[in-house]
$ cat work.cif   # mmCIF, C-alpha atoms
data_my_file
loop_
_atom_site.label_atom_id
_atom_site.label_comp_id
_atom_site.auth_asym_id
_atom_site.auth_seq_id
_atom_site.Cartn_x
_atom_site.Cartn_y
_atom_site.Cartn_z
CA MET W 53 -0.46 15.96 -8.77
CA GLY W 54 -3.28 16.81 -6.33
CA LYS W 55 -2.62 16.36 -2.62
CA PHE W 56 -5.41 13.87 -1.96
CA PHE W 57 -2.95 11.17 -0.86
CA GLU W 58 0.05 11.24 1.44
CA ILE W 59 2.97 10.72 -0.91
CA SER W 60 6.44 11.94 0.01
CA ASP W 61 8.45 14.33 -2.10
CA THR W 62 10.93 11.51 -2.76
CA ILE W 63 8.31 9.25 -4.37
CA GLU W 64 6.58 12.17 -6.13
CA ALA W 65 9.92 13.09 -7.76
CA ALA W 66 10.56 9.49 -8.77
CA GLY W 67 7.06 9.38 -10.25
CA ARG W 68 7.70 12.47 -12.36
CA ARG W 69 10.93 10.95 -13.69
CA ALA W 70 9.13 7.69 -14.47
CA GLU W 71 6.30 9.43 -16.32
CA ALA W 72 8.73 11.45 -18.41
CA ARG W 73 10.59 8.28 -19.33
CA ALA W 74 7.33 6.52 -20.25
CA LYS W 75 6.10 9.11 -22.78
CA ALA W 76 7.38 7.32 -25.87
CA GLN W 77 5.77 4.05 -24.77
CA PHE W 78 2.53 5.85 -23.97
CA ALA W 79 2.38 7.18 -27.53
CA GLN W 80 2.78 3.66 -28.91
CA ILE W 81 0.06 2.38 -26.59
CA ASP W 82 -2.30 5.16 -27.71
CA ALA W 83 -1.79 4.13 -31.33
CA LEU W 84 -2.44 0.47 -30.48
CA THR W 85 -5.57 1.40 -28.52
CA GLU W 86 -6.96 3.43 -31.39
CA TYR W 87 -6.38 0.56 -33.83
CA ASN W 88 -8.05 -2.03 -31.61
CA GLN W 89 -10.90 0.27 -30.63
CA GLN W 90 -11.72 0.87 -34.28
CA LYS W 91 -11.44 -2.86 -34.94
CA VAL W 92 -14.02 -3.56 -32.24
CA LEU W 93 -16.32 -0.72 -33.34
CA ALA W 94 -16.33 -2.03 -36.91
CA ALA W 95 -17.23 -5.51 -35.65
CA PHE W 96 -20.21 -4.07 -33.74
CA GLY W 97 -21.42 -2.51 -36.97
CA ARG W 98 -20.96 -5.67 -39.04
CA CYS W 99 -22.85 -7.73 -36.46
CA ARG W 100 -25.73 -5.23 -36.46
CA VAL W 101 -25.83 -4.89 -32.68
CA ASP W 102 -29.05 -3.16 -31.58
CA GLU W 103 -30.91 -2.43 -28.35
CA ALA W 104 -33.03 -5.56 -28.63
CA ASP W 105 -29.85 -7.58 -28.13
CA PHE W 106 -29.71 -6.29 -24.53
CA GLY W 107 -32.87 -8.20 -23.59
CA THR W 108 -32.95 -11.18 -21.28
CA THR W 109 -34.09 -14.77 -21.30
CA THR W 110 -34.83 -17.30 -18.57
CA GLY W 111 -35.27 -21.04 -18.40
CA TYR W 112 -33.68 -22.83 -21.33
CA GLY W 113 -32.79 -19.60 -23.05
CA TYR W 114 -33.91 -20.77 -26.48
CA SER W 115 -33.57 -18.22 -29.28
CA ASP W 116 -31.73 -15.64 -27.18
CA ARG W 117 -30.89 -13.21 -29.96
CA GLY W 118 -28.52 -11.19 -27.78
CA ARG W 119 -26.53 -14.29 -26.85
CA GLU W 120 -26.29 -15.32 -30.49
CA THR W 121 -25.20 -11.84 -31.57
CA LEU W 122 -22.59 -11.77 -28.80
CA ASP W 123 -21.16 -15.04 -30.03
CA ARG W 124 -20.92 -13.74 -33.61
CA LEU W 125 -19.40 -10.48 -32.37
CA THR W 126 -16.75 -12.29 -30.33
CA ALA W 127 -15.80 -14.43 -33.32
CA ASP W 128 -15.60 -11.34 -35.55
CA ILE W 129 -13.42 -9.38 -33.10
CA PHE W 130 -10.98 -12.26 -32.67
CA GLY W 131 -10.87 -13.27 -36.34
CA ALA W 132 -12.23 -16.73 -35.54
CA GLU W 133 -14.67 -19.01 -37.35
CA ARG W 134 -16.82 -19.34 -34.27
CA ALA W 135 -16.94 -18.30 -30.62
CA PHE W 136 -19.06 -18.21 -27.51
CA ILE W 137 -18.97 -15.81 -24.59
CA ARG W 138 -20.77 -16.40 -21.30
CA ALA W 139 -21.19 -14.79 -17.89
CA GLY W 140 -21.91 -17.13 -15.03
CA ALA W 141 -21.96 -20.33 -17.07
CA LEU W 142 -18.19 -19.89 -17.29
CA ALA W 143 -17.08 -19.18 -13.73
CA CYS W 144 -13.50 -18.03 -14.32
CA GLY W 145 -10.52 -18.33 -16.64
CA THR W 146 -9.46 -21.73 -15.30
CA HIS W 147 -12.98 -23.07 -15.79
CA THR W 148 -13.04 -21.74 -19.36
CA LEU W 149 -9.71 -23.40 -20.15
CA SER W 150 -10.93 -26.62 -18.55
CA VAL W 151 -14.01 -26.61 -20.79
CA CYS W 152 -11.68 -26.45 -23.81
CA LEU W 153 -9.38 -29.22 -22.59
CA PHE W 154 -12.20 -31.62 -21.71
CA GLY W 155 -14.11 -30.64 -24.83
CA VAL W 156 -11.33 -31.56 -27.25
CA LEU W 157 -9.22 -34.23 -25.54
CA ARG W 158 -10.17 -37.91 -25.33
CA PRO W 159 -8.72 -40.96 -23.49
CA GLY W 160 -5.32 -41.85 -24.92
CA ASP W 161 -4.65 -38.35 -26.22
CA VAL W 162 -1.56 -36.41 -25.20
CA LEU W 163 -1.70 -32.79 -24.06
CA LEU W 164 1.66 -31.19 -24.88
CA CYS W 165 2.35 -27.91 -23.12
CA VAL W 166 5.24 -26.10 -24.82
CA THR W 167 5.59 -23.11 -22.49
CA GLY W 168 6.82 -24.97 -19.44
CA THR W 169 4.67 -25.68 -16.40
CA PRO W 170 1.18 -24.15 -16.69
CA TYR W 171 -0.35 -21.72 -14.23
CA ASP W 172 -0.87 -23.19 -10.73
CA THR W 173 -4.67 -23.57 -10.82
CA LEU W 174 -4.60 -25.52 -14.11
CA LEU W 175 -2.44 -28.30 -12.64
CA SER W 176 -5.45 -29.73 -10.80
CA THR W 177 -7.42 -29.86 -14.06
CA ILE W 178 -4.62 -31.70 -15.82
CA GLY W 179 -3.86 -33.96 -12.85
CA THR W 180 -0.22 -32.95 -12.37
CA ASP W 181 -0.69 -31.44 -8.91
CA GLY W 182 1.10 -34.21 -7.03
CA GLY W 183 -1.95 -36.41 -6.70
CA LYS W 184 -4.06 -33.95 -4.69
CA SER W 185 -6.85 -34.00 -7.29
CA LYS W 186 -6.59 -37.68 -8.23
CA GLY W 187 -10.00 -39.27 -8.56
CA LYS W 188 -11.80 -35.92 -8.76
CA GLY W 189 -12.23 -35.95 -12.53
CA THR W 190 -8.90 -34.66 -13.82
CA LEU W 191 -7.73 -35.21 -17.38
CA ALA W 192 -5.37 -37.86 -16.03
CA ASP W 193 -8.34 -39.68 -14.44
CA PHE W 194 -9.83 -39.97 -17.93
CA GLY W 195 -6.64 -41.30 -19.51
CA VAL W 196 -5.35 -38.07 -21.06
CA ARG W 197 -1.57 -37.98 -20.75
CA TYR W 198 0.57 -34.92 -20.24
CA ARG W 199 3.95 -33.95 -21.66
CA GLN W 200 5.88 -30.72 -21.48
CA VAL W 201 8.48 -28.74 -23.40
CA ASP W 202 10.28 -26.08 -21.40
CA LEU W 203 11.47 -22.76 -22.73
CA THR W 204 15.13 -22.55 -23.69
CA SER W 205 17.76 -21.22 -21.32
CA GLY W 206 17.45 -17.99 -23.30
CA ASP W 207 13.74 -17.69 -22.41
CA ALA W 208 12.46 -18.58 -25.89
CA LEU W 209 10.12 -21.18 -27.31
CA ASP W 210 12.17 -24.28 -28.11
CA LEU W 211 10.96 -24.71 -31.68
CA ALA W 212 13.24 -27.70 -32.35
CA ALA W 213 11.88 -29.54 -29.31
CA ILE W 214 8.32 -28.51 -30.19
CA GLU W 215 8.78 -29.91 -33.70
CA ARG W 216 10.13 -33.19 -32.32
CA GLU W 217 7.50 -33.68 -29.61
CA ALA W 218 4.49 -32.41 -31.56
CA ALA W 219 5.21 -34.84 -34.39
CA ARG W 220 4.35 -37.81 -32.20
CA PRO W 221 1.04 -39.29 -33.44
CA ASP W 222 -0.57 -39.43 -29.99
CA VAL W 223 -0.29 -35.66 -29.50
CA ARG W 224 -3.75 -34.20 -29.90
CA MET W 225 -3.26 -30.75 -28.41
CA VAL W 226 -0.28 -28.39 -28.25
CA TYR W 227 -0.93 -25.86 -25.51
CA LEU W 228 0.64 -22.42 -25.14
CA GLN W 229 0.16 -20.18 -22.12
CA ARG W 230 0.59 -16.66 -23.42
CA SER W 231 1.13 -15.00 -20.07
CA ARG W 232 3.81 -15.88 -17.55
CA GLY W 233 1.83 -17.03 -14.52
CA TYR W 234 3.91 -16.88 -11.36
CA SER W 235 7.20 -17.02 -13.21
CA LEU W 236 9.62 -14.45 -14.59
CA ARG W 237 9.59 -15.72 -18.14
CA HIS W 238 8.50 -13.33 -20.86
CA SER W 239 4.94 -13.26 -22.17
CA LEU W 240 4.51 -14.67 -25.65
CA SER W 241 4.16 -12.36 -28.60
CA ILE W 242 1.75 -13.07 -31.43
CA ALA W 243 4.76 -13.62 -33.70
CA GLU W 244 6.08 -16.35 -31.40
CA ILE W 245 2.66 -18.03 -31.24
CA GLU W 246 2.44 -17.87 -35.03
CA ALA W 247 5.86 -19.51 -35.43
CA ALA W 248 4.99 -22.33 -33.03
CA ALA W 249 1.61 -22.93 -34.67
CA ALA W 250 3.25 -23.17 -38.11
CA VAL W 251 5.69 -25.80 -36.83
CA VAL W 252 2.95 -27.87 -35.20
CA HIS W 253 0.63 -27.77 -38.20
CA ARG W 254 3.47 -28.81 -40.49
CA VAL W 255 4.51 -31.87 -38.49
CA ASN W 256 1.14 -32.96 -37.12
CA PRO W 257 -2.01 -31.79 -38.94
CA ARG W 258 -4.16 -33.61 -36.36
CA ALA W 259 -2.83 -31.56 -33.45
CA VAL W 260 -4.88 -28.66 -32.12
CA VAL W 261 -2.91 -25.54 -31.23
CA MET W 262 -4.59 -23.99 -28.21
CA VAL W 263 -3.65 -20.71 -26.53
CA ASP W 264 -4.49 -19.57 -23.03
CA ASN W 265 -4.98 -15.92 -23.99
CA CYS W 266 -5.67 -14.60 -20.47
CA TYR W 267 -4.21 -11.10 -19.95
CA GLY W 268 -3.24 -10.85 -23.64
CA GLU W 269 -6.37 -9.66 -25.44
CA PHE W 270 -5.86 -6.32 -27.27
CA ALA W 271 -2.24 -6.06 -26.13
CA GLU W 272 -1.25 -6.36 -29.81
CA LYS W 273 -3.02 -5.71 -33.09
CA ARG W 274 -3.64 -9.41 -33.74
CA GLU W 275 -4.98 -12.23 -31.59
CA PRO W 276 -3.74 -15.85 -31.57
CA THR W 277 -6.69 -17.02 -33.68
CA GLU W 278 -5.54 -14.59 -36.37
CA ALA W 279 -2.05 -16.09 -36.26
CA GLY W 280 -2.55 -19.83 -36.62
CA ALA W 281 -4.02 -20.89 -33.26
CA ASP W 282 -6.92 -23.31 -33.67
CA LEU W 283 -8.50 -22.50 -30.33
CA MET W 284 -8.09 -19.90 -27.61
CA ALA W 285 -9.84 -18.92 -24.42
CA GLY W 286 -9.79 -16.17 -21.82
CA SER W 287 -11.53 -14.66 -18.81
CA LEU W 288 -13.98 -11.76 -18.84
CA ILE W 289 -12.76 -10.37 -15.53
CA LYS W 290 -9.47 -9.83 -17.28
CA ASN W 291 -8.96 -7.91 -20.54
CA ALA W 292 -11.93 -8.98 -22.65
CA GLY W 293 -14.56 -7.90 -20.13
CA GLY W 294 -13.37 -4.31 -20.15
CA GLY W 295 -13.98 -3.90 -16.43
CA VAL W 296 -17.74 -4.15 -17.06
CA ALA W 297 -18.48 -7.88 -17.39
CA PRO W 298 -19.45 -9.26 -13.96
CA SER W 299 -17.95 -12.72 -14.58
CA GLY W 300 -17.41 -15.26 -17.30
CA GLY W 301 -15.15 -16.22 -20.16
CA TYR W 302 -14.97 -16.75 -23.91
CA VAL W 303 -13.84 -19.48 -26.30
CA ALA W 304 -12.94 -18.75 -29.94
CA GLY W 305 -11.43 -20.66 -32.81
CA ARG W 306 -12.14 -23.29 -35.43
CA ALA W 307 -15.86 -24.00 -35.72
CA ASP W 308 -15.62 -27.76 -35.08
CA LEU W 309 -13.49 -27.26 -31.98
CA VAL W 310 -15.73 -24.55 -30.56
CA GLU W 311 -18.67 -26.91 -31.04
CA LEU W 312 -16.87 -29.59 -29.01
CA CYS W 313 -16.27 -27.06 -26.26
CA ALA W 314 -19.92 -25.97 -26.39
CA CYS W 315 -21.01 -29.57 -25.91
CA ARG W 316 -18.78 -29.76 -22.85
CA LEU W 317 -20.18 -26.47 -21.52
CA THR W 318 -23.78 -27.70 -21.77
CA THR W 319 -24.36 -31.18 -23.19
CA PRO W 320 -24.02 -32.99 -26.53
CA GLY W 321 -27.03 -32.30 -28.68
CA LEU W 322 -27.76 -28.92 -27.08
CA GLY W 323 -24.44 -27.10 -27.40
CA LEU W 324 -24.97 -23.35 -27.75
CA GLU W 325 -28.74 -23.57 -28.27
CA VAL W 326 -29.41 -23.28 -24.55
CA GLY W 327 -28.25 -21.07 -21.72
CA ALA W 328 -30.41 -18.23 -20.42
CA THR W 329 -28.49 -14.95 -20.21
CA LEU W 330 -30.45 -13.67 -17.17
CA GLY W 331 -29.97 -10.00 -18.01
CA GLN W 332 -26.21 -10.08 -18.57
CA ASN W 333 -26.10 -9.33 -22.31
CA ARG W 334 -25.78 -5.56 -22.01
CA ALA W 335 -22.80 -5.83 -19.65
CA LEU W 336 -20.98 -8.22 -22.00
CA PHE W 337 -21.59 -6.04 -25.05
CA MET W 338 -20.42 -2.96 -23.17
CA GLY W 339 -17.41 -4.78 -21.74
CA LEU W 340 -16.25 -5.90 -25.17
CA PHE W 341 -16.73 -2.38 -26.48
CA HIS W 342 -14.64 -0.81 -23.70
CA ALA W 343 -11.98 -3.55 -23.64
CA PRO W 344 -9.38 -2.05 -26.03
CA HIS W 345 -9.40 1.30 -24.21
CA VAL W 346 -9.22 -0.29 -20.76
CA VAL W 347 -6.37 -2.56 -21.87
CA GLY W 348 -4.53 0.51 -23.11
CA GLU W 349 -4.94 2.16 -19.70
CA ALA W 350 -3.68 -1.01 -17.99
CA LEU W 351 -0.66 -1.10 -20.29
CA LYS W 352 0.16 2.51 -19.42
CA THR W 353 -0.11 1.71 -15.72
CA ALA W 354 2.27 -1.23 -16.20
CA VAL W 355 4.80 0.90 -18.08
CA PHE W 356 4.67 3.56 -15.36
CA ALA W 357 5.19 0.92 -12.66
CA ALA W 358 8.17 -0.49 -14.54
CA ALA W 359 9.76 2.93 -14.97
CA LEU W 360 9.15 3.91 -11.35
CA PHE W 361 10.52 0.75 -9.76
CA GLU W 362 13.49 0.69 -12.11
CA ASP W 363 14.19 4.23 -10.94
CA LEU W 364 14.00 2.97 -7.35
CA GLY W 365 16.59 0.28 -8.08
CA PHE W 366 14.49 -2.85 -8.58
CA SER W 367 14.59 -5.41 -11.37
CA VAL W 368 11.36 -5.49 -13.39
CA THR W 369 10.01 -7.45 -16.32
CA PRO W 370 9.11 -6.22 -18.85
CA ARG W 371 11.39 -3.22 -18.59
CA ALA W 372 9.79 0.17 -19.14
CA ASP W 373 11.01 0.39 -22.74
CA GLU W 374 10.35 -3.23 -23.72
CA ALA W 375 7.60 -4.42 -26.06
CA ARG W 376 4.56 -5.78 -24.22
CA HIS W 377 2.36 -8.74 -25.06
CA ASP W 378 0.06 -8.71 -22.05
CA ILE W 379 -0.89 -6.37 -19.20
CA ILE W 380 1.24 -7.93 -16.46
CA GLU W 381 4.23 -6.28 -14.81
CA ALA W 382 6.49 -8.33 -12.55
CA ILE W 383 8.57 -6.47 -9.96
CA CYS W 384 11.30 -8.35 -8.10
CA LEU W 385 11.08 -7.12 -4.51
CA GLU W 386 13.65 -9.62 -3.16
CA ASN W 387 12.02 -10.47 0.18
CA ALA W 388 8.63 -11.18 1.75
CA GLU W 389 8.57 -7.95 3.78
CA ARG W 390 8.77 -5.76 0.67
CA LEU W 391 6.29 -7.93 -1.16
CA VAL W 392 3.69 -7.58 1.59
CA ALA W 393 4.34 -3.83 1.90
CA PHE W 394 3.87 -3.32 -1.87
CA CYS W 395 0.48 -5.06 -1.87
CA GLN W 396 -0.67 -3.23 1.25
CA GLY W 397 0.33 0.09 -0.29
CA LEU W 398 -1.34 -0.64 -3.61
CA GLN W 399 -4.56 -1.54 -1.80
CA LYS W 400 -4.73 2.01 -0.44
CA GLY W 401 -5.23 3.24 -4.01
CA ALA W 402 -8.23 1.01 -4.69
CA PRO W 403 -11.73 2.47 -5.15
CA VAL W 404 -13.20 -0.43 -3.15
CA ASP W 405 -11.85 -1.73 0.18
CA ALA W 406 -9.07 0.84 0.29
CA TYR W 407 -9.23 0.68 4.10
CA VAL W 408 -8.51 -3.07 4.12
CA THR W 409 -5.00 -4.40 4.82
CA PRO W 410 -4.26 -7.48 2.68
CA GLU W 411 -2.50 -10.37 4.43
CA PRO W 412 -1.02 -13.61 3.07
CA TRP W 413 -3.49 -16.52 3.12
CA ASP W 414 -3.92 -20.13 2.01
CA MET W 415 -5.60 -19.50 -1.32
CA PRO W 416 -7.32 -22.55 -2.93
CA GLY W 417 -5.28 -24.10 -5.74
CA TYR W 418 -1.88 -22.79 -4.59
CA ASP W 419 0.95 -24.53 -2.74
CA ASN W 420 2.19 -21.40 -0.98
CA GLN W 421 0.45 -18.63 0.86
CA VAL W 422 -0.63 -15.86 -1.51
CA ILE W 423 -1.04 -12.14 -0.87
CA MET W 424 -3.33 -10.17 -3.11
CA ALA W 425 -4.17 -6.49 -3.38
CA ALA W 426 -7.51 -6.29 -5.13
CA GLY W 427 -9.94 -3.54 -4.27
CA ALA W 428 -12.22 -4.05 -7.22
CA PHE W 429 -15.82 -3.42 -8.24
CA THR W 430 -15.92 -7.05 -9.43
CA GLY W 431 -14.50 -9.71 -7.16
CA GLY W 432 -11.13 -10.99 -8.38
CA SER W 433 -11.16 -8.74 -11.44
CA SER W 434 -7.58 -8.62 -12.74
CA ILE W 435 -8.29 -5.89 -15.28
CA GLU W 436 -8.88 -3.59 -12.32
CA LEU W 437 -5.68 -2.57 -10.55
CA SER W 438 -4.43 -5.56 -8.59
CA ALA W 439 -1.25 -7.28 -7.54
CA ASP W 440 -0.61 -10.72 -6.16
CA ALA W 441 2.18 -13.14 -5.42
CA PRO W 442 2.91 -16.38 -3.64
CA LEU W 443 5.27 -15.94 -0.70
CA ARG W 444 8.19 -17.83 -2.20
CA GLU W 445 11.35 -17.15 -4.15
CA PRO W 446 11.99 -14.92 -6.06
CA PHE W 447 9.59 -12.74 -4.00
CA ALA W 448 8.33 -10.97 -7.10
CA VAL W 449 4.92 -9.34 -7.26
CA TRP W 450 2.80 -9.61 -10.38
CA MET W 451 0.81 -6.44 -10.95
CA GLN W 452 -1.88 -5.98 -13.56
CA GLY W 453 -4.80 -3.84 -14.57
CA GLY W 454 -5.97 -0.31 -14.00
CA LEU W 455 -9.34 0.79 -15.37
CA ASN W 456 -7.79 4.18 -16.07
CA TYR W 457 -4.19 5.30 -15.98
CA HIS W 458 -4.73 8.24 -13.65
CA THR W 459 -5.92 6.10 -10.74
CA GLY W 460 -3.57 3.26 -11.66
CA LYS W 461 -0.68 5.67 -11.31
CA VAL W 462 -1.85 6.65 -7.81
CA GLY W 463 -1.99 3.01 -6.74
CA VAL W 464 1.55 2.38 -7.97
CA LEU W 465 2.84 5.49 -6.21
CA LEU W 466 1.17 4.40 -2.97
CA ALA W 467 2.83 0.99 -3.25
CA ALA W 468 6.21 2.69 -3.60
CA GLU W 469 5.35 5.08 -0.75
CA GLU W 470 4.63 2.16 1.57
CA LEU W 471 8.08 0.74 0.88
CA HIS W 472 9.61 4.18 1.46
CA ARG W 473 7.67 4.77 4.67
CA ARG W 474 8.82 1.45 6.13
CA GLY W 475 12.43 2.05 5.19
CA LEU W 476 12.47 -0.78 2.67
CA LEU W 477 13.84 1.11 -0.36
#

$ encode --input "work.cif" --output "structure tokens"
Amino acid sequence: MGKFFEISDTIEAAGRRAEARAKAQFAQIDALTEYNQQKVLAAFGRCRVDEADFGTTTGYGYSDRGRETLDRLTADIFGAERAFIRAGALACGTHTLSVCLFGVLRPGDVLLCVTGTPYDTLLSTIGTDGGKSKGKGTLADFGVRYRQVDLTSGDALDLAAIEREAARPDVRMVYLQRSRGYSLRHSLSIAEIEAAAAVVHRVNPRAVVMVDNCYGEFAEKREPTEAGADLMAGSLIKNAGGGVAPSGGYVAGRADLVELCACRLTTPGLGLEVGATLGQNRALFMGLFHAPHVVGEALKTAVFAAALFEDLGFSVTPRADEARHDIIEAICLENAERLVAFCQGLQKGAPVDAYVTPEPWDMPGYDNQVIMAAGAFTGGSSIELSADAPLREPFAVWMQGGLNYHTGKVGVLLAAEELHRRGLL
């Protein structure tokens, strides 16, 4: 390794051991990347993408051919009947998920989450944030009720409980969060999502199976909409944007459900017929094209981090040799001092704001202070190397991203070096 960064012999040696241990996983990731990259390339060909699709519209955005091609391309890639993908009009992943929930659910309906408590920022949308968002237009304000099925003590979907609860006639949506959020549970595999969807469809044909697919796109060969999910959504500053999309999100699934979401995004009667793209089409096309490769690089970075921190004596999930279903790696650092040191070290390996020292702060939507290392070309972009955590038990850090493995590896080594330098290993 070149001597461009100050990394001790101790951490360099641990890094070499970690990389050697990761070789078998890297080979599997390369095979997955090649499969998904060809899948995406073939979809570009089928959708007849051409340079005219990179043009722009203003005003109402009527007849934006690039926008319409992008929507068809997204549906094709994800094996869905219909889809839409937007930069700007969808502000973030939570906004995209909210559009789906409000688009489908009606007063009196029940939203049944079967993967335990959802990610922190979604609680305000649902109205289960302890009353802090009451009266601000939550689902609860509109008479949508919430129920929950937790994972089993063995960290698995509780299919028996899902069957029992989903069968209730007032359940309109069964919601699965693929990734773990700020918890140490495992991320859902496509096989697990498929099994849950089959149970729900058997006992309640009216229920919509929706998947929060954030962090999971291209981490396997199939997507939830190819495995029984009726609807799914994700963020473009995570996997699906490939590190190129400047903002936004996508929604994909059954045509009638996507139409409902489109009417929530704009207005009934207009749906997807409006929405000027303002010059963003090229970035979204390019982001989708690059996404499988970038996800592969992020997966390699995560495997390397797992192997390195296991070597240094820490508990990690997934382990270096475990199957992966998203790009996130959780590292249990056991106390706040290590957690802060990790993020401050990782920041030194960022291409942007490497000189900045992250500090815990009161981040909107969270009950605890959060520290985040995120020196990214796009603000908040989780597909770029980043790590964040609330300062609370179990003092784990959730790391994700890496536009390329070579720089991702440096960031991880610098995080370990910061712990070593402060005597925290």

$ resolve_selection --input "work.cif" --expression "the PyMOL selection byres ((chain W and resi 275) around 12)" --output "count of residues only"
45

$ residues_around --input "work.cif" --residues "range 98-106 of chain W" --least-positions-apart "5" --cutoff "7 Å" --atoms "all atoms listed in the file" --output "list in words"
Arg117, Gly118, Thr121, Arg124, Leu125, Asn333 and Arg334 of chain W

$ closest_residue --input "work.cif" --among "W:Ile423, W:Ile214, W:Ala343, W:Val156" --to "Ala250 in chain W" --atoms "only C-alpha atoms"
W:Ile214

$ resolve_selection --input "work.cif" --expression "the PyMOL selection byres ((chain W and resi 391) around 9)" --output "ChimeraX atom specification"
/W:384-390,392-396,423,440-441,443,447-449

$ axis_aligned_box --input "work.cif" --around "range 157-170 of chain W" --padding-each-side "6 Å" --output "JSON"
{"center_x": -1.7, "center_y": -32.5, "center_z": -21.3, "size_x": 29.0, "size_y": 30.7, "size_z": 21.8}

$ closest_residue --input "work.cif" --among "W:Ala143, W:Val261, W:Ile178, W:Leu340" --to "Asp193 in chain W" --atoms "only C-alpha atoms"
W:Ile178
